[in-house]
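One structure is given below, encoded as C-alpha cells.
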Amino acid sequence: MHIQDGFLTGQWAVTWFGTASVFVAKGIYDVTKKAEKILMFKPLLGLVSAAVFFISLLPIPVPITGTSSHPCGTPLAAILVGPFVSIVLSVVSLLLQALFFAHGGITTLGANVMSEGVIGSLVGYVIFRLGRKMGFSLGIAAGIAGFAGDIAVYCTTSLELALGMPGVHNLTAAKAFLAFSGLYLPTQLPLAILEGLVTGAMLKYIAKVRPDILYNLGILEKPEK
Amino acid sequence: MIKESYFAVDALTQRDNLFTRMDARVKVILSITALIVLLAIPGVKFALGLVGLIMAALFLIRIPLKLVIGRIAVPLIFGIFVFLLLLFFQNGHPIFTLHVLGSNIAGTREGFILGTTILARITASVSLLLFLSVTTPVHELGHALIYLRFPKVIVEIMLLTYRYLFVLWDEGMRIRQAQTLRMGYPDGRGIRTWKRSVKSISTLMAMVFIRAYDRAESTFDAMQARAYNGNVTGGHYKSWKTKGMQPWS
C-alpha cells in the first residue's frame with residue numbers, strides 16, 4: 001500500500017524526504033561505485049528492477065478468504081542485490097508508479113521510500129543474513145526475511161500515516177496508529193506469510209536450476225571443486 | 001488487466017495534442033509546484049480549483065472518463081476511511097452524535113474540516129499525476145528529471161525498468177498460461193489446490209527473474225555494440241520547446 005499524495009502534511013512530507021534521502025544517497029553511491037568497475041551493473045539493475053516490479057504485481061491466492069493480493073517485493077530485491085542498492089530500486093519503482101501509473105505520490109515519495117524501500121530492505125536483508133548465519137537453508141532464511149520485511153513495511157506505513165495525520169495530539173496519534181494497523185492487519189498478515197513462502201520457494205528454485213546466478217550475485221558461496 | 005491499463009496510458013501519451021506537445025520540463029515543474037502549494041495552503045478552495053482545471057484539461061484532450069474515475073476511486077476509498085477517523089477522533093466542537101453499542105461517538109466540526117481538506121487534496125493530487133502521466137511519455141519525463149538535477153542513476157534504471165517491464169510481462173504471462181494449461185492453478189479452495197498454486201507462482205517468479213538476468217547480459221552486449229560507456233545519452237536540452245505550443249496551431 002502506498003501513501004497517496006495529500007495524506008501527509010508538508011512538515012511530515014519534508015521530514016520523510018530528509019530521512020529517506022540519507023539512505024538513498026548511500027544507495028546511489030554504492031551503485032555508481034560498482035558501475036564504474038562492472039560496466040554491466042546498471043543494465044543488470046534495470047532488468048532486476050523490472051523483474052521485481054513485475055513480481056510485485058502478480059496476484060497470489062490467499063487461502064482463507066479466497067481473494068488474492070500482491071507481494072511487495074522489497075525483501076526479495078534486498079536479498080538479491082543488497083540492501084542499499086535495493087533502496088535505489090525501490091525509488092525507481094515508486095517513482096514509476098507515482099509518475100506514470102498515478103499510484104502513490106510525489107510529495108509522499110520520501111515516506112514511501114522510507115517504509116517500503118529503507119525499512120523493507122534493511123529488515124529483509126538483516127534477517128536473511130542472520131538466518132544464514134544461524135544455519136538455516138537458503139529457502140527458509142529467505143522466507144523468514146520476506147515475512148519480516150513485509151510486516152515491517154506495513155507497520156512503518158501505519159506509523160507514517162498516523163503521525164502524518166494533520167493536527168493530531170499524542171493521544172490520537174497512538175489511536176490512529178492502532179486504527180491503521182487494525183485496518184491493515186486482516187489483509188496484511190496472510191499476505192506477509194505468503195510473501196515469505198513465495199520468496200523462499202523462489203530462491204530455492206533459482207538455486208536448484210541456475211545456481212550460477214546466485215554465485216555471481218554473491219548470495220551463495222561457490223562450492224570448491 | 002493491469003497491463004492493459006498501463007498500455008492505455010502509454011498509448012494516450014503518444015497522441016498529438018496541446019499538452020503532449022508541451023515541454024516535459026514545464027509540465028514537471030508546474031506539477032511539482034502545484035503539489036507543494038496544495039500541501040501548503042489549508043482549506044479546500046485551491047484543491048477543488050485544481051481538480052476543476054485538470055478535469056477540464058483532461059476533457060479537452062479526450063481522456064476516457066473510465067480511466068479518470070478508475071484512478072481516482074481507489075485512493076478515495078482509503079481517503080474516506082481517513083475522513084471518518086478524523087471526523088470522530090479529532091477534538092473539537094461536536095456537530096452530531098451517533099449511538100453505537102451503547103456509547104456515544106461525536107463527530108466534530110474540526111474533524112469534518114480536516115477530513116474534507118484531505119479528501120480534496122487526495123483528489124487534486126491524484127488527478128494532477130494522472131494528467132502528467134497521460135500527457136508525458138516516460139523517456140521525456142526521464143530527460144526532464146535529469147535536466148532538473150534528479151539523480152541520473154535513478155533515471156537510467158527507471159528508463160530500463162520501464163522498457164523491460166512489458167517484455168518480462170509478456171514472458172511471464174506466457175509461462176503462466178503454460179502452467180494453467182498443465183493444471184498449475186487448479187480451481188477450488190482446498191489446501192492442496194492452494195499449495196499447488198503457490199508452488200506454480202513461485203516457479204513463475206523464479207523463471208521471470210532468470211530470464212531477466214539472461215536478458216541483462218544480451219541487453220548489455222547490444223548496448224555496448226552501440227557505444228554504451230556506462231552513461232545514458234540523448235536528451236540534452238538545447239532550448240525550450242515552443243513550437244506547436246500555440247493552441248490554434
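Identifiers in this document derive from the order of the C-alpha cells: chains are assigned A, B, ..., residues are numbered from 1 separately in each chain, and ligands are numbered from 1 in order of occurrence.
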Set out as a tab-separated table a contact list for chain A and chain B with a cut-off of 8 Å, giving each residue of chain A that qualifies its closest atom pair and distance in Å to one decimal, counting only C-alpha atoms, ordered by chain and rising residue number.
```
residue	atom	partner	partner_atom	distance
A:Gln4	CA	B:Pro75	CA	6.9
A:Asp5	CA	B:Ser125	CA	5.7
A:Gly6	CA	B:Ile122	CA	4.7
A:Phe7	CA	B:Ile118	CA	6.3
A:Thr9	CA	B:Leu39	CA	6.2
A:Gly10	CA	B:Leu39	CA	5.6
A:Ile28	CA	B:Val153	CA	7.0
A:Val31	CA	B:Val153	CA	7.8
A:Thr32	CA	B:Val153	CA	7.5
A:Ala35	CA	B:Gly230	CA	7.3
A:Glu36	CA	B:Gly230	CA	7.6
A:Leu39	CA	B:Gly230	CA	5.9
A:Met40	CA	B:Phe220	CA	6.1
A:Lys42	CA	B:Ile157	CA	6.6
A:Pro43	CA	B:Ala216	CA	6.0
A:Leu44	CA	B:Ala216	CA	5.0
A:Leu45	CA	B:Ile157	CA	6.7
A:Gly46	CA	B:Ile157	CA	4.8
A:Leu47	CA	B:Ala212	CA	5.5
A:Val48	CA	B:Ala212	CA	6.4
A:Ser49	CA	B:Thr161	CA	5.9
A:Ala50	CA	B:Thr161	CA	4.6
A:Ala51	CA	B:Phe209	CA	5.7
A:Val52	CA	B:Phe209	CA	7.7
A:Phe53	CA	B:Leu165	CA	7.3
A:Phe54	CA	B:Leu165	CA	6.5
A:Ile55	CA	B:Met205	CA	6.1
A:Ile60	CA	B:Val198	CA	7.1
A:Pro61	CA	B:Trp194	CA	7.1
A:Pro63	CA	B:Trp194	CA	6.3
A:Gly66	CA	B:Arg189	CA	7.0
A:Val88	CA	B:Ile154	CA	6.8
A:Leu89	CA	B:Ile157	CA	7.8
A:Val91	CA	B:Ile154	CA	7.5
A:Val92	CA	B:Met158	CA	5.3
A:Ser93	CA	B:Met158	CA	7.3
A:Leu96	CA	B:Met158	CA	7.0
A:Ala98	CA	B:Leu129	CA	7.2
A:Leu99	CA	B:Ser133	CA	6.0
A:Phe100	CA	B:Ser133	CA	4.6
A:Phe101	CA	B:Ser133	CA	6.7
A:Ala102	CA	B:Leu129	CA	5.3
A:His103	CA	B:Val126	CA	7.8
A:Gly105	CA	B:Ser125	CA	7.8
A:Ile106	CA	B:Ile32	CA	7.8
A:Thr107	CA	B:Leu35	CA	7.1
A:Pro166	CA	B:Leu114	CA	7.5
A:Val168	CA	B:Gln90	CA	7.4
A:Thr172	CA	B:Phe89	CA	7.0
A:Ala176	CA	B:Leu85	CA	7.7
A:Val198	CA	B:Ser202	CA	5.1
A:Thr199	CA	B:Ser202	CA	7.3
A:Ala201	CA	B:Ser202	CA	5.8
A:Met202	CA	B:Ser202	CA	4.9
A:Leu203	CA	B:Ala206	CA	7.0
A:Tyr205	CA	B:Ala206	CA	6.5
A:Ile206	CA	B:Ala206	CA	5.9
A:Arg210	CA	B:Ile210	CA	7.6
A:Ile213	CA	B:Tyr213	CA	7.8
```
What's around Thr157 of chain A at 9 Å? Count only C-alpha atoms, leave out sequence neighbours fewer than 5 positions away in its own chain, and write the answer as a VMD selection string. chain A and resid 1 to 3 111 to 112 114 to 116 152 162 180 to 181
Filtered DSSP result for segment 13-186 of chain A, state strand (DSSP E or B), as a PyMOL selection string: chain A and resi 60-61+68-69
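One finds atom CA of Phe83 of chain B at 15.9 Å from atom CA of Leu98 of chain B.
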Using DSSP on the backbone coordinates, identify the residues of segment 47-151 of chain A assigned to helix (DSSP H, G or I); present them as a ChimeraX atom specification. /A:47-57,74-81,83-99,109-133,138-151
For Ser21 of chain A, work out the shell of residues within 9 Å, counting only C-alpha atoms and skipping chain neighbours fewer than 4 positions away, then give it as a list in words. Trp16, Phe17, Ala25, Lys26, Gly110, Val113 and Met114 of chain A
Can I get the selection written as a short mmCIF file (atom, residue, chain, number, x, y, z; two decimals), in the first residue's frame, with C-alpha atoms?
```cif
data_model
loop_
_atom_site.label_atom_id
_atom_site.label_comp_id
_atom_site.auth_asym_id
_atom_site.auth_seq_id
_atom_site.Cartn_x
_atom_site.Cartn_y
_atom_site.Cartn_z
CA TRP A 16 10.43 11.73 5.49
CA PHE A 17 12.19 13.09 2.41
CA ALA A 25 22.37 8.75 -1.20
CA LYS A 26 24.27 5.77 0.19
CA GLY A 110 10.01 10.22 0.83
CA VAL A 113 10.76 5.13 0.15
CA MET A 114 11.33 5.15 3.89
#
```
For Val153 of chain A, list every protein, DNA or RNA residue within 10 Å, evaluated using only C-alpha atoms, and leave out those in the same chain fewer than 3 positions away; present the list as a PyMOL selection string. chain A and resi 1+72+74-75+112+114-121+123-124+148-150+156-159+192
Mind giving me the straight-line distance from atom CA of Gly27 of chain A to atom CA of Leu122 of chain A in Å, one decimal? 11.9 Å
Which neighbours of Gly196 of chain A fall inside 10 Å, counting only C-alpha atoms, when residues of the same chain fewer than 6 positions from it are skipped, and could you give them as an NGL selection string? :A and (71 or 75-76 or 139-150 or 190 or 202)
